[in-house]
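Participant: Next up, input22.pdb (PDB, C-alpha atoms, pLDDT in the B column).
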ATOM      1  CA  MET A   1       1.412 -44.537  -8.999  1.00 64.00           C
ATOM      2  CA  THR A   2      -1.081 -43.760 -11.751  1.00 92.00           C
ATOM      3  CA  SER A   3      -1.030 -41.310 -14.643  1.00 95.00           C
ATOM      4  CA  LEU A   4      -2.884 -38.329 -16.109  1.00 97.00           C
ATOM      5  CA  THR A   5      -2.930 -36.984 -19.655  1.00 97.00           C
ATOM      6  CA  VAL A   6      -4.506 -33.615 -20.504  1.00 97.00           C
ATOM      7  CA  PRO A   7      -5.934 -33.696 -24.064  1.00 97.00           C
ATOM      8  CA  ALA A   8      -4.872 -30.813 -26.305  1.00 96.00           C
ATOM      9  CA  ARG A   9      -8.384 -29.370 -26.535  1.00 95.00           C
ATOM     10  CA  PHE A  10      -8.241 -28.414 -22.835  1.00 96.00           C
ATOM     11  CA  CYS A  11      -5.502 -25.832 -23.281  1.00 96.00           C
ATOM     12  CA  GLY A  12      -5.021 -22.485 -21.579  1.00 93.00           C
ATOM     13  CA  PRO A  13      -1.952 -20.626 -22.837  1.00 90.00           C
ATOM     14  CA  PRO A  14      -0.701 -22.206 -26.084  1.00 92.00           C
ATOM     15  CA  GLY A  15       0.737 -25.670 -25.563  1.00 94.00           C
ATOM     16  CA  THR A  16      -0.183 -25.927 -21.876  1.00 96.00           C
ATOM     17  CA  ALA A  17      -3.169 -27.112 -19.859  1.00 97.00           C
ATOM     18  CA  ASN A  18      -5.965 -24.823 -18.731  1.00 96.00           C
ATOM     19  CA  GLY A  19      -5.268 -24.242 -15.038  1.00 96.00           C
ATOM     20  CA  GLY A  20      -8.838 -24.801 -13.883  1.00 97.00           C
ATOM     21  CA  TYR A  21      -9.266 -27.977 -15.920  1.00 97.00           C
ATOM     22  CA  LEU A  22      -6.003 -29.386 -14.599  1.00 97.00           C
ATOM     23  CA  ALA A  23      -6.773 -28.398 -11.006  1.00 98.00           C
ATOM     24  CA  GLY A  24     -10.238 -29.943 -11.214  1.00 97.00           C
ATOM     25  CA  SER A  25      -8.813 -33.162 -12.647  1.00 97.00           C
ATOM     26  CA  LEU A  26      -6.523 -33.439  -9.636  1.00 98.00           C
ATOM     27  CA  ALA A  27      -9.184 -32.356  -7.129  1.00 97.00           C
ATOM     28  CA  ALA A  28     -11.488 -35.136  -8.326  1.00 96.00           C
ATOM     29  CA  ARG A  29      -8.881 -37.617  -7.086  1.00 96.00           C
ATOM     30  CA  VAL A  30      -8.651 -36.086  -3.586  1.00 97.00           C
ATOM     31  CA  ALA A  31     -11.272 -37.265  -1.100  1.00 92.00           C
ATOM     32  CA  ALA A  32     -12.142 -33.964   0.562  1.00 95.00           C
ATOM     33  CA  PRO A  33     -14.992 -31.407   0.364  1.00 95.00           C
ATOM     34  CA  ALA A  34     -12.534 -28.590  -0.459  1.00 97.00           C
ATOM     35  CA  VAL A  35      -9.224 -29.014  -2.246  1.00 98.00           C
ATOM     36  CA  SER A  36      -6.288 -26.672  -2.809  1.00 98.00           C
ATOM     37  CA  VAL A  37      -4.170 -27.109  -5.943  1.00 98.00           C
ATOM     38  CA  ARG A  38      -0.827 -25.368  -6.351  1.00 98.00           C
ATOM     39  CA  LEU A  39       0.422 -25.096  -9.920  1.00 97.00           C
ATOM     40  CA  ARG A  40       4.222 -25.017  -9.913  1.00 96.00           C
ATOM     41  CA  ARG A  41       5.024 -25.410 -13.623  1.00 95.00           C
ATOM     42  CA  PRO A  42       3.095 -25.225 -16.922  1.00 94.00           C
ATOM     43  CA  VAL A  43       1.493 -28.609 -17.614  1.00 97.00           C
ATOM     44  CA  PRO A  44       2.100 -30.042 -21.116  1.00 97.00           C
ATOM     45  CA  LEU A  45      -0.685 -31.415 -23.287  1.00 97.00           C
ATOM     46  CA  ASP A  46      -1.112 -34.902 -24.782  1.00 97.00           C
ATOM     47  CA  ARG A  47       1.671 -36.314 -22.613  1.00 96.00           C
ATOM     48  CA  GLU A  48       1.299 -39.051 -20.026  1.00 97.00           C
ATOM     49  CA  LEU A  49       2.227 -37.576 -16.654  1.00 98.00           C
ATOM     50  CA  THR A  50       2.751 -39.385 -13.357  1.00 97.00           C
ATOM     51  CA  LEU A  51       0.463 -39.069 -10.333  1.00 97.00           C
ATOM     52  CA  ARG A  52       2.126 -39.771  -6.984  1.00 96.00           C
ATOM     53  CA  THR A  53       0.139 -40.146  -3.784  1.00 94.00           C
ATOM     54  CA  GLY A  54       1.305 -39.463  -0.241  1.00 87.00           C
ATOM     55  CA  ASP A  55       0.510 -36.584   2.105  1.00 87.00           C
ATOM     56  CA  ALA A  56      -0.771 -34.887  -1.056  1.00 95.00           C
ATOM     57  CA  LEU A  57      -1.441 -35.830  -4.672  1.00 97.00           C
ATOM     58  CA  GLU A  58       1.454 -34.751  -6.875  1.00 97.00           C
ATOM     59  CA  LEU A  59       1.666 -34.473 -10.656  1.00 98.00           C
ATOM     60  CA  LEU A  60       5.108 -35.072 -12.144  1.00 97.00           C
ATOM     61  CA  ASP A  61       6.732 -34.941 -15.562  1.00 96.00           C
ATOM     62  CA  GLY A  62       9.618 -37.297 -15.030  1.00 95.00           C
ATOM     63  CA  GLN A  63      11.179 -35.999 -11.813  1.00 94.00           C
ATOM     64  CA  GLU A  64       9.806 -32.457 -12.196  1.00 97.00           C
ATOM     65  CA  LEU A  65       6.931 -31.544  -9.890  1.00 97.00           C
ATOM     66  CA  LEU A  66       4.196 -29.763 -11.876  1.00 98.00           C
ATOM     67  CA  ALA A  67       1.325 -29.489  -9.382  1.00 98.00           C
ATOM     68  CA  ARG A  68       0.249 -30.545  -5.910  1.00 98.00           C
ATOM     69  CA  ALA A  69      -3.323 -31.094  -4.636  1.00 98.00           C
ATOM     70  CA  GLU A  70      -4.377 -31.569  -1.019  1.00 98.00           C
ATOM     71  CA  PRO A  71      -7.412 -31.204   1.272  1.00 97.00           C
ATOM     72  CA  ALA A  72      -8.105 -27.654   2.405  1.00 97.00           C
ATOM     73  CA  ALA A  73     -10.576 -25.461   4.226  1.00 95.00           C
ATOM     74  CA  LEU A  74     -12.502 -22.806   2.300  1.00 97.00           C
ATOM     75  CA  ASP A  75     -14.651 -20.368   4.244  1.00 92.00           C
ATOM     76  CA  LEU A  76     -15.626 -17.966   1.466  1.00 97.00           C
ATOM     77  CA  GLU A  77     -18.666 -15.734   1.702  1.00 97.00           C
ATOM     78  CA  VAL A  78     -20.350 -15.142  -1.660  1.00 98.00           C
ATOM     79  CA  PRO A  79     -22.068 -11.793  -2.370  1.00 97.00           C
ATOM     80  CA  GLU A  80     -25.779 -11.784  -3.207  1.00 97.00           C
ATOM     81  CA  PRO A  81     -26.026 -13.329  -6.685  1.00 97.00           C
ATOM     82  CA  PRO A  82     -27.550 -11.282  -9.513  1.00 98.00           C
ATOM     83  CA  THR A  83     -30.311 -12.701 -11.683  1.00 97.00           C
ATOM     84  CA  VAL A  84     -29.472 -14.383 -14.984  1.00 97.00           C
ATOM     85  CA  THR A  85     -30.804 -11.294 -16.787  1.00 97.00           C
ATOM     86  CA  GLU A  86     -28.625  -8.948 -14.716  1.00 98.00           C
ATOM     87  CA  ALA A  87     -25.552 -11.127 -15.230  1.00 98.00           C
ATOM     88  CA  ALA A  88     -26.113 -11.318 -18.982  1.00 97.00           C
ATOM     89  CA  ALA A  89     -26.510  -7.540 -19.177  1.00 98.00           C
ATOM     90  CA  ALA A  90     -23.193  -7.019 -17.364  1.00 98.00           C
ATOM     91  CA  VAL A  91     -21.385  -8.954 -20.087  1.00 96.00           C
ATOM     92  CA  SER A  92     -23.359  -7.367 -22.937  1.00 96.00           C
ATOM     93  CA  ALA A  93     -22.211  -3.928 -21.756  1.00 96.00           C
ATOM     94  CA  LEU A  94     -18.543  -4.851 -22.276  1.00 94.00           C
ATOM     95  CA  PRO A  95     -16.699  -3.929 -25.484  1.00 91.00           C
ATOM     96  CA  PRO A  96     -15.628  -6.753 -27.826  1.00 89.00           C
ATOM     97  CA  TRP A  97     -12.751  -8.759 -26.364  1.00 85.00           C
ATOM     98  CA  ASP A  98     -10.296  -8.032 -29.161  1.00 87.00           C
ATOM     99  CA  ASP A  99      -7.127  -8.233 -27.064  1.00 83.00           C
ATOM    100  CA  HIS A 100      -7.613 -11.598 -25.370  1.00 86.00           C
ATOM    101  CA  PRO A 101      -4.119 -12.803 -24.317  1.00 83.00           C
ATOM    102  CA  PHE A 102      -4.944 -16.493 -24.981  1.00 87.00           C
ATOM    103  CA  PRO A 103      -7.805 -16.609 -27.533  1.00 89.00           C
ATOM    104  CA  GLY A 104      -7.584 -20.398 -27.806  1.00 92.00           C
ATOM    105  CA  CYS A 105      -8.134 -20.993 -24.068  1.00 94.00           C
ATOM    106  CA  TRP A 106     -10.739 -23.703 -23.417  1.00 94.00           C
ATOM    107  CA  GLY A 107     -12.143 -21.777 -20.466  1.00 94.00           C
ATOM    108  CA  CYS A 108     -12.644 -18.329 -21.974  1.00 93.00           C
ATOM    109  CA  GLY A 109     -10.994 -18.122 -25.387  1.00 91.00           C
ATOM    110  CA  THR A 110     -12.708 -15.926 -27.970  1.00 90.00           C
ATOM    111  CA  GLU A 111     -11.611 -18.172 -30.845  1.00 90.00           C
ATOM    112  CA  ARG A 112     -13.526 -21.108 -29.404  1.00 88.00           C
ATOM    113  CA  ALA A 113     -16.929 -21.878 -30.890  1.00 81.00           C
ATOM    114  CA  ALA A 114     -19.825 -22.285 -28.464  1.00 75.00           C
ATOM    115  CA  ASP A 115     -19.531 -26.083 -28.699  1.00 77.00           C
ATOM    116  CA  GLU A 116     -15.727 -26.108 -28.356  1.00 83.00           C
ATOM    117  CA  GLY A 117     -15.166 -24.291 -25.070  1.00 89.00           C
ATOM    118  CA  LEU A 118     -16.799 -22.657 -22.075  1.00 94.00           C
ATOM    119  CA  ARG A 119     -16.339 -19.098 -23.440  1.00 92.00           C
ATOM    120  CA  SER A 120     -16.837 -17.759 -19.916  1.00 94.00           C
ATOM    121  CA  ARG A 121     -16.816 -13.995 -19.479  1.00 95.00           C
ATOM    122  CA  VAL A 122     -17.925 -11.681 -16.680  1.00 97.00           C
ATOM    123  CA  GLY A 123     -18.460  -7.928 -16.431  1.00 97.00           C
ATOM    124  CA  PRO A 124     -19.005  -5.458 -13.558  1.00 97.00           C
ATOM    125  CA  LEU A 125     -22.537  -5.092 -12.238  1.00 98.00           C
ATOM    126  CA  PRO A 126     -23.712  -1.452 -12.622  1.00 96.00           C
ATOM    127  CA  ASP A 127     -24.942  -1.175  -9.028  1.00 95.00           C
ATOM    128  CA  ARG A 128     -22.030  -3.179  -7.552  1.00 96.00           C
ATOM    129  CA  PRO A 129     -18.987  -2.653  -9.817  1.00 96.00           C
ATOM    130  CA  GLN A 130     -16.743  -4.592  -7.445  1.00 96.00           C
ATOM    131  CA  VAL A 131     -18.754  -7.732  -8.313  1.00 98.00           C
ATOM    132  CA  TRP A 132     -18.452  -9.102 -11.844  1.00 98.00           C
ATOM    133  CA  ALA A 133     -20.987 -11.502 -13.317  1.00 98.00           C
ATOM    134  CA  GLY A 134     -21.853 -13.451 -16.440  1.00 98.00           C
ATOM    135  CA  VAL A 135     -23.854 -16.444 -17.640  1.00 97.00           C
ATOM    136  CA  LEU A 136     -22.617 -19.931 -18.433  1.00 95.00           C
ATOM    137  CA  GLN A 137     -24.595 -22.725 -20.057  1.00 90.00           C
ATOM    138  CA  PRO A 138     -22.394 -25.837 -20.112  1.00 88.00           C
ATOM    139  CA  ALA A 139     -23.277 -28.076 -23.037  1.00 82.00           C
ATOM    140  CA  GLY A 140     -23.142 -31.818 -23.417  1.00 71.00           C
ATOM    141  CA  ASP A 141     -19.667 -31.814 -24.979  1.00 85.00           C
ATOM    142  CA  VAL A 142     -17.959 -30.685 -21.756  1.00 92.00           C
ATOM    143  CA  PRO A 143     -16.594 -33.300 -19.334  1.00 92.00           C
ATOM    144  CA  SER A 144     -19.657 -34.577 -17.495  1.00 93.00           C
ATOM    145  CA  SER A 145     -21.384 -37.573 -15.977  1.00 91.00           C
ATOM    146  CA  GLY A 146     -25.097 -38.320 -15.704  1.00 91.00           C
ATOM    147  CA  GLY A 147     -26.104 -34.881 -16.968  1.00 92.00           C
ATOM    148  CA  GLN A 148     -23.925 -33.089 -14.396  1.00 94.00           C
ATOM    149  CA  ALA A 149     -20.706 -31.168 -15.058  1.00 95.00           C
ATOM    150  CA  ALA A 150     -17.564 -33.030 -14.017  1.00 96.00           C
ATOM    151  CA  PRO A 151     -15.154 -31.435 -11.489  1.00 96.00           C
ATOM    152  CA  GLU A 152     -12.730 -30.378 -14.205  1.00 96.00           C
ATOM    153  CA  THR A 153     -15.555 -28.469 -15.931  1.00 96.00           C
ATOM    154  CA  VAL A 154     -16.654 -26.815 -12.683  1.00 97.00           C
ATOM    155  CA  TRP A 155     -13.105 -25.778 -11.744  1.00 98.00           C
ATOM    156  CA  ALA A 156     -12.455 -24.419 -15.250  1.00 96.00           C
ATOM    157  CA  ALA A 157     -15.675 -22.399 -15.034  1.00 96.00           C
ATOM    158  CA  LEU A 158     -14.433 -20.883 -11.764  1.00 97.00           C
ATOM    159  CA  ASP A 159     -10.889 -20.280 -13.014  1.00 96.00           C
ATOM    160  CA  CYS A 160     -10.991 -17.840 -15.946  1.00 94.00           C
ATOM    161  CA  PRO A 161     -13.694 -15.503 -14.546  1.00 95.00           C
ATOM    162  CA  SER A 162     -11.696 -15.091 -11.335  1.00 96.00           C
ATOM    163  CA  PHE A 163      -8.918 -13.390 -13.318  1.00 93.00           C
ATOM    164  CA  GLN A 164     -11.091 -11.114 -15.431  1.00 94.00           C
ATOM    165  CA  PRO A 165     -11.558  -8.351 -12.800  1.00 94.00           C
ATOM    166  CA  LEU A 166      -7.734  -8.101 -12.882  1.00 91.00           C
ATOM    167  CA  ALA A 167      -7.409  -8.064 -16.679  1.00 79.00           C
ATOM    168  CA  GLY A 168      -6.747  -4.322 -16.860  1.00 76.00           C
ATOM    169  CA  SER A 169      -3.602  -4.847 -14.768  1.00 74.00           C
ATOM    170  CA  GLY A 170      -1.895  -6.963 -17.444  1.00 75.00           C
ATOM    171  CA  PRO A 171      -1.273 -10.726 -17.752  1.00 77.00           C
ATOM    172  CA  SER A 172      -1.029 -12.973 -14.695  1.00 83.00           C
ATOM    173  CA  VAL A 173      -0.543 -16.685 -14.097  1.00 86.00           C
ATOM    174  CA  LEU A 174      -2.551 -18.844 -11.729  1.00 92.00           C
ATOM    175  CA  GLY A 175      -0.523 -19.951  -8.720  1.00 95.00           C
ATOM    176  CA  THR A 176      -2.976 -21.660  -6.366  1.00 98.00           C
ATOM    177  CA  MET A 177      -6.676 -22.441  -6.639  1.00 98.00           C
ATOM    178  CA  THR A 178      -8.817 -23.671  -3.743  1.00 98.00           C
ATOM    179  CA  ALA A 179     -12.393 -24.707  -4.482  1.00 98.00           C
ATOM    180  CA  ARG A 180     -15.410 -26.415  -3.005  1.00 98.00           C
ATOM    181  CA  GLN A 181     -18.459 -27.783  -4.820  1.00 97.00           C
ATOM    182  CA  ASP A 182     -21.592 -27.957  -2.670  1.00 96.00           C
ATOM    183  CA  ARG A 183     -24.237 -28.893  -5.255  1.00 96.00           C
ATOM    184  CA  PRO A 184     -24.390 -30.620  -8.650  1.00 95.00           C
ATOM    185  CA  VAL A 185     -23.929 -28.361 -11.675  1.00 95.00           C
ATOM    186  CA  PRO A 186     -26.466 -29.362 -14.353  1.00 94.00           C
ATOM    187  CA  LEU A 187     -25.786 -29.259 -18.071  1.00 93.00           C
ATOM    188  CA  GLY A 188     -27.971 -27.195 -20.376  1.00 90.00           C
ATOM    189  CA  ALA A 189     -29.047 -24.716 -17.672  1.00 93.00           C
ATOM    190  CA  ASP A 190     -28.292 -21.007 -17.341  1.00 95.00           C
ATOM    191  CA  LEU A 191     -25.768 -20.644 -14.521  1.00 97.00           C
ATOM    192  CA  VAL A 192     -24.603 -17.334 -13.071  1.00 98.00           C
ATOM    193  CA  LEU A 193     -20.851 -16.785 -12.863  1.00 98.00           C
ATOM    194  CA  MET A 194     -19.509 -14.356 -10.274  1.00 98.00           C
ATOM    195  CA  ALA A 195     -16.022 -12.979  -9.599  1.00 98.00           C
ATOM    196  CA  TRP A 196     -14.521 -10.373  -7.292  1.00 98.00           C
ATOM    197  CA  VAL A 197     -11.124  -9.238  -5.978  1.00 97.00           C
ATOM    198  CA  LEU A 198     -10.190 -10.059  -2.386  1.00 97.00           C
ATOM    199  CA  GLY A 199      -6.867  -8.249  -2.224  1.00 96.00           C
ATOM    200  CA  ARG A 200      -3.654  -7.206  -3.944  1.00 93.00           C
ATOM    201  CA  ASP A 201      -0.064  -7.028  -2.727  1.00 93.00           C
ATOM    202  CA  GLY A 202       2.520  -6.137  -5.358  1.00 90.00           C
ATOM    203  CA  ARG A 203       2.584  -8.833  -8.035  1.00 91.00           C
ATOM    204  CA  ARG A 204       0.271 -11.075  -5.989  1.00 94.00           C
ATOM    205  CA  SER A 205      -3.528 -10.814  -6.252  1.00 95.00           C
ATOM    206  CA  VAL A 206      -6.198 -12.891  -4.531  1.00 97.00           C
ATOM    207  CA  THR A 207      -9.574 -13.245  -6.208  1.00 98.00           C
ATOM    208  CA  ALA A 208     -12.748 -15.250  -5.693  1.00 98.00           C
ATOM    209  CA  SER A 209     -15.394 -16.744  -7.940  1.00 98.00           C
ATOM    210  CA  ALA A 210     -18.663 -18.611  -7.633  1.00 98.00           C
ATOM    211  CA  LEU A 211     -21.040 -20.615  -9.780  1.00 98.00           C
ATOM    212  CA  VAL A 212     -24.739 -20.192  -8.993  1.00 98.00           C
ATOM    213  CA  GLY A 213     -27.256 -22.841 -10.044  1.00 96.00           C
ATOM    214  CA  PRO A 214     -30.662 -22.282 -11.681  1.00 94.00           C
ATOM    215  CA  ASP A 215     -32.242 -22.477  -8.201  1.00 94.00           C
ATOM    216  CA  GLY A 216     -30.305 -19.379  -7.129  1.00 95.00           C
ATOM    217  CA  GLN A 217     -28.109 -21.354  -4.734  1.00 96.00           C
ATOM    218  CA  VAL A 218     -24.301 -21.287  -4.838  1.00 98.00           C
ATOM    219  CA  ALA A 219     -23.169 -24.579  -6.365  1.00 98.00           C
ATOM    220  CA  ALA A 220     -19.410 -24.012  -6.219  1.00 98.00           C
ATOM    221  CA  ARG A 221     -16.971 -21.383  -5.003  1.00 98.00           C
ATOM    222  CA  ALA A 222     -13.244 -20.788  -5.288  1.00 98.00           C
ATOM    223  CA  GLU A 223     -10.372 -18.605  -4.186  1.00 98.00           C
ATOM    224  CA  ALA A 224      -7.422 -18.051  -6.518  1.00 98.00           C
ATOM    225  CA  ILE A 225      -3.958 -16.580  -6.149  1.00 97.00           C
ATOM    226  CA  TRP A 226      -2.535 -14.890  -9.257  1.00 95.00           C
ATOM    227  CA  PHE A 227       0.957 -13.582  -9.984  1.00 92.00           C
ATOM    228  CA  ALA A 228       1.523 -10.774 -12.476  1.00 89.00           C
ATOM    229  CA  VAL A 229       4.063 -11.467 -15.230  1.00 83.00           C
ATOM    230  CA  GLY A 230       5.918  -9.244 -17.661  1.00 71.00           C
TER     231      GLY A 230
END
Show how you would write the structure in this file as structure tokens.

Facilitator:
Amino acid sequence: MTSLTVPARFCGPPGTANGGYLAGSLAARVAAPAVSVRLRRPVPLDRELTLRTGDALELLDGQELLARAEPAALDLEVPEPPTVTEAAAAVSALPPWDDHPFPGCWGCGTERAADEGLRSRVGPLPDRPQVWAGVLQPAGDVPSSGGQAAPETVWAALDCPSFQPLAGSGPSVLGTMTARQDRPVPLGADLVLMAWVLGRDGRRSVTASALVGPDGQVAARAEAIWFAVG
């Protein structure tokens, strides 16, 4: 057994880990091209948690199972990416995000300075309103190695945007995230974020997201399952 501690700066909802960051931290320890991470309980911050290996990688707080990561298959078709200019315009057309449910979130929180979080946001494309897009430029202070974003940064970048097309439906929590990274994600470059809804069934929604590199190629993609709360 080994351990994992999520530093407080990588929070999502107050006092708990950002789902994408946590999922990416676990996925980095699973030797597979695509990994599925199921989040069963909120993950506390600044606490040493146990990692248990077996058929899957499990994260435990004492005897309580918090999350489970395992190899998966992800056959997700990504719509034609917009240009950086088109993606930036989609976000600029949105009103100020004054009602953010978790403004301190490391992935998309509005209270985070540009050098303190990803501040990821997407908006509907005028000619394809079912596809949302935005621009991300990961800086050197994010988890990285050799000038490339680390898995926990990539997964966090895919996490928050995948919920934003659902935001008008009220708050939801991330249940399962499955992602695959096909290319390195460079720091300091303009990357296009994309998100779209795959389906809804009562409280359960399935969404998708993608991260497009400066060469116009899809660098990473993900599918997420969300559950409405409240």

Participant: For the file shown, report as a PDB file with C-alpha atoms, keeping the file's coordinate frame the outcome of the PyMOL selection byres ((chain A and resi 162) around 7) at residue level.

Facilitator:
ATOM      1  CA  LEU A 158     -14.433 -20.883 -11.764  1.00 97.00           C
ATOM      2  CA  ASP A 159     -10.889 -20.280 -13.014  1.00 96.00           C
ATOM      3  CA  CYS A 160     -10.991 -17.840 -15.946  1.00 94.00           C
ATOM      4  CA  PRO A 161     -13.694 -15.503 -14.546  1.00 95.00           C
ATOM      5  CA  PHE A 163      -8.918 -13.390 -13.318  1.00 93.00           C
ATOM      6  CA  GLN A 164     -11.091 -11.114 -15.431  1.00 94.00           C
ATOM      7  CA  PRO A 165     -11.558  -8.351 -12.800  1.00 94.00           C
ATOM      8  CA  ALA A 195     -16.022 -12.979  -9.599  1.00 98.00           C
ATOM      9  CA  TRP A 196     -14.521 -10.373  -7.292  1.00 98.00           C
ATOM     10  CA  THR A 207      -9.574 -13.245  -6.208  1.00 98.00           C
ATOM     11  CA  ALA A 208     -12.748 -15.250  -5.693  1.00 98.00           C
ATOM     12  CA  SER A 209     -15.394 -16.744  -7.940  1.00 98.00           C
TER      13      SER A 209
END

Participant: I need every residue sitting at most 7 Å from the point (-5.6, -31.4, -20.5) (coordinates as in the file, all atoms listed in the file considered), written as a ChimeraX atom specification.

Facilitator: /A:5-11,17-18,21-22,45

Participant: Run the PyMOL selection byres ((chain A and resi 57) around 8) mentally over the shown coordinates, then write out the matched residues as a PyMOL selection string, using the chain letters and numbers from the document.

Facilitator: chain A and resi 26+30+51-56+58-59+68-70

Participant: Name the closest residue to Ser25 in chain A among the candidates A:Val206, A:Cys105, A:Val229, A:Ala150; distances are taken between atoms, counting all atoms listed in the file.

Facilitator: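 Of the candidates, the smallest distance to Ser25 in chain A is held by A:Ala150.
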
Participant: As an mmCIF file with C-alpha atoms, in the frame of the given file, please: the residues near range 117-125 of chain A (cut-off 9 Å, all atoms listed in the file, same-chain neighbours under 2 positions excluded).

Facilitator:
data_model
loop_
_atom_site.group_PDB
_atom_site.id
_atom_site.type_symbol
_atom_site.label_atom_id
_atom_site.label_comp_id
_atom_site.auth_asym_id
_atom_site.auth_seq_id
_atom_site.Cartn_x
_atom_site.Cartn_y
_atom_site.Cartn_z
ATOM 1 C CA ARG A 9 -8.384 -29.370 -26.535
ATOM 2 C CA PHE A 10 -8.241 -28.414 -22.835
ATOM 3 C CA PRO A 82 -27.550 -11.282 -9.513
ATOM 4 C CA GLU A 86 -28.625 -8.948 -14.716
ATOM 5 C CA ALA A 87 -25.552 -11.127 -15.230
ATOM 6 C CA ALA A 88 -26.113 -11.318 -18.982
ATOM 7 C CA ALA A 89 -26.510 -7.540 -19.177
ATOM 8 C CA ALA A 90 -23.193 -7.019 -17.364
ATOM 9 C CA VAL A 91 -21.385 -8.954 -20.087
ATOM 10 C CA SER A 92 -23.359 -7.367 -22.937
ATOM 11 C CA ALA A 93 -22.211 -3.928 -21.756
ATOM 12 C CA LEU A 94 -18.543 -4.851 -22.276
ATOM 13 C CA GLY A 104 -7.584 -20.398 -27.806
ATOM 14 C CA CYS A 105 -8.134 -20.993 -24.068
ATOM 15 C CA TRP A 106 -10.739 -23.703 -23.417
ATOM 16 C CA GLY A 107 -12.143 -21.777 -20.466
ATOM 17 C CA CYS A 108 -12.644 -18.329 -21.974
ATOM 18 C CA GLY A 109 -10.994 -18.122 -25.387
ATOM 19 C CA THR A 110 -12.708 -15.926 -27.970
ATOM 20 C CA GLU A 111 -11.611 -18.172 -30.845
ATOM 21 C CA ARG A 112 -13.526 -21.108 -29.404
ATOM 22 C CA ALA A 113 -16.929 -21.878 -30.890
ATOM 23 C CA ALA A 114 -19.825 -22.285 -28.464
ATOM 24 C CA ASP A 115 -19.531 -26.083 -28.699
ATOM 25 C CA ASP A 127 -24.942 -1.175 -9.028
ATOM 26 C CA ARG A 128 -22.030 -3.179 -7.552
ATOM 27 C CA PRO A 129 -18.987 -2.653 -9.817
ATOM 28 C CA GLN A 130 -16.743 -4.592 -7.445
ATOM 29 C CA VAL A 131 -18.754 -7.732 -8.313
ATOM 30 C CA TRP A 132 -18.452 -9.102 -11.844
ATOM 31 C CA ALA A 133 -20.987 -11.502 -13.317
ATOM 32 C CA GLY A 134 -21.853 -13.451 -16.440
ATOM 33 C CA VAL A 135 -23.854 -16.444 -17.640
ATOM 34 C CA LEU A 136 -22.617 -19.931 -18.433
ATOM 35 C CA GLN A 137 -24.595 -22.725 -20.057
ATOM 36 C CA PRO A 138 -22.394 -25.837 -20.112
ATOM 37 C CA ALA A 139 -23.277 -28.076 -23.037
ATOM 38 C CA ASP A 141 -19.667 -31.814 -24.979
ATOM 39 C CA VAL A 142 -17.959 -30.685 -21.756
ATOM 40 C CA THR A 153 -15.555 -28.469 -15.931
ATOM 41 C CA ALA A 156 -12.455 -24.419 -15.250
ATOM 42 C CA ALA A 157 -15.675 -22.399 -15.034
ATOM 43 C CA CYS A 160 -10.991 -17.840 -15.946
ATOM 44 C CA PRO A 161 -13.694 -15.503 -14.546
ATOM 45 C CA SER A 162 -11.696 -15.091 -11.335
ATOM 46 C CA GLN A 164 -11.091 -11.114 -15.431
ATOM 47 C CA PRO A 165 -11.558 -8.351 -12.800
ATOM 48 C CA LEU A 193 -20.851 -16.785 -12.863
ATOM 49 C CA MET A 194 -19.509 -14.356 -10.274
ATOM 50 C CA ALA A 195 -16.022 -12.979 -9.599
#

Participant: Given the PyMOL selection byres ((chain A and resi 41) around 8) and the file above, list the residues it selects as a PyMOL selection string.

Facilitator: chain A and resi 39-40+42-43+65-67

Participant: Here is a test: counting all atoms listed in the file, which residue of A:Leu4, A:Ala28, A:Arg47, A:Trp155 is nearest to Thr16 in chain A?

Facilitator: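 Of A:Leu4, A:Ala28, A:Arg47, A:Trp155, the one nearest Thr16 in chain A, counting all atoms listed in the file, is A:Arg47.
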
Participant: Hey, can you check how far CA of Pro71 in chain A sits from CA of Ala31 in chain A?

Facilitator: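 Calculated distance between CA of Pro71 in chain A and CA of Ala31 in chain A is 7.6 Å.
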
Participant: Box for range 25-38 of chain A: with edges along x, y and z, all listed atoms inside and 4 Å added on each side, what are the centre and edge lengths in Å to one decimal, as lines of an AutoDock Vina configuration file?

Facilitator:
center_x = -7.9
center_y = -31.5
center_z = -6.0
size_x = 22.2
size_y = 20.2
size_z = 21.2

Participant: Please return range 1-8 of chain A, rebuilt to N, CA and C atoms, as a PDB file, in the coordinates of the input.

Facilitator:
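The new file result-v2.pdb reads:
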ATOM      1  N   MET A   1       1.480 -45.717  -8.158  1.00 64.00           N
ATOM      2  CA  MET A   1       1.412 -44.537  -8.999  1.00 64.00           C
ATOM      3  C   MET A   1       0.453 -44.772 -10.161  1.00 64.00           C
ATOM      4  N   THR A   2      -0.239 -43.728 -10.566  1.00 92.00           N
ATOM      5  CA  THR A   2      -1.081 -43.760 -11.751  1.00 92.00           C
ATOM      6  C   THR A   2      -0.668 -42.597 -12.640  1.00 92.00           C
ATOM      7  N   SER A   3      -1.437 -42.352 -13.708  1.00 95.00           N
ATOM      8  CA  SER A   3      -1.030 -41.310 -14.643  1.00 95.00           C
ATOM      9  C   SER A   3      -2.208 -40.429 -15.026  1.00 95.00           C
ATOM     10  N   LEU A   4      -1.887 -39.290 -15.635  1.00 97.00           N
ATOM     11  CA  LEU A   4      -2.884 -38.329 -16.109  1.00 97.00           C
ATOM     12  C   LEU A   4      -2.373 -37.718 -17.398  1.00 97.00           C
ATOM     13  N   THR A   5      -3.249 -37.636 -18.390  1.00 97.00           N
ATOM     14  CA  THR A   5      -2.930 -36.984 -19.655  1.00 97.00           C
ATOM     15  C   THR A   5      -3.985 -35.925 -19.922  1.00 97.00           C
ATOM     16  N   VAL A   6      -3.574 -34.690 -20.181  1.00 97.00           N
ATOM     17  CA  VAL A   6      -4.506 -33.615 -20.504  1.00 97.00           C
ATOM     18  C   VAL A   6      -4.609 -33.511 -22.021  1.00 97.00           C
ATOM     19  N   PRO A   7      -5.776 -33.818 -22.611  1.00 97.00           N
ATOM     20  CA  PRO A   7      -5.934 -33.696 -24.064  1.00 97.00           C
ATOM     21  C   PRO A   7      -5.721 -32.266 -24.544  1.00 97.00           C
ATOM     22  N   ALA A   8      -5.247 -32.123 -25.769  1.00 96.00           N
ATOM     23  CA  ALA A   8      -4.872 -30.813 -26.305  1.00 96.00           C
ATOM     24  C   ALA A   8      -6.027 -29.828 -26.328  1.00 96.00           C
TER      25      ALA A   8
END
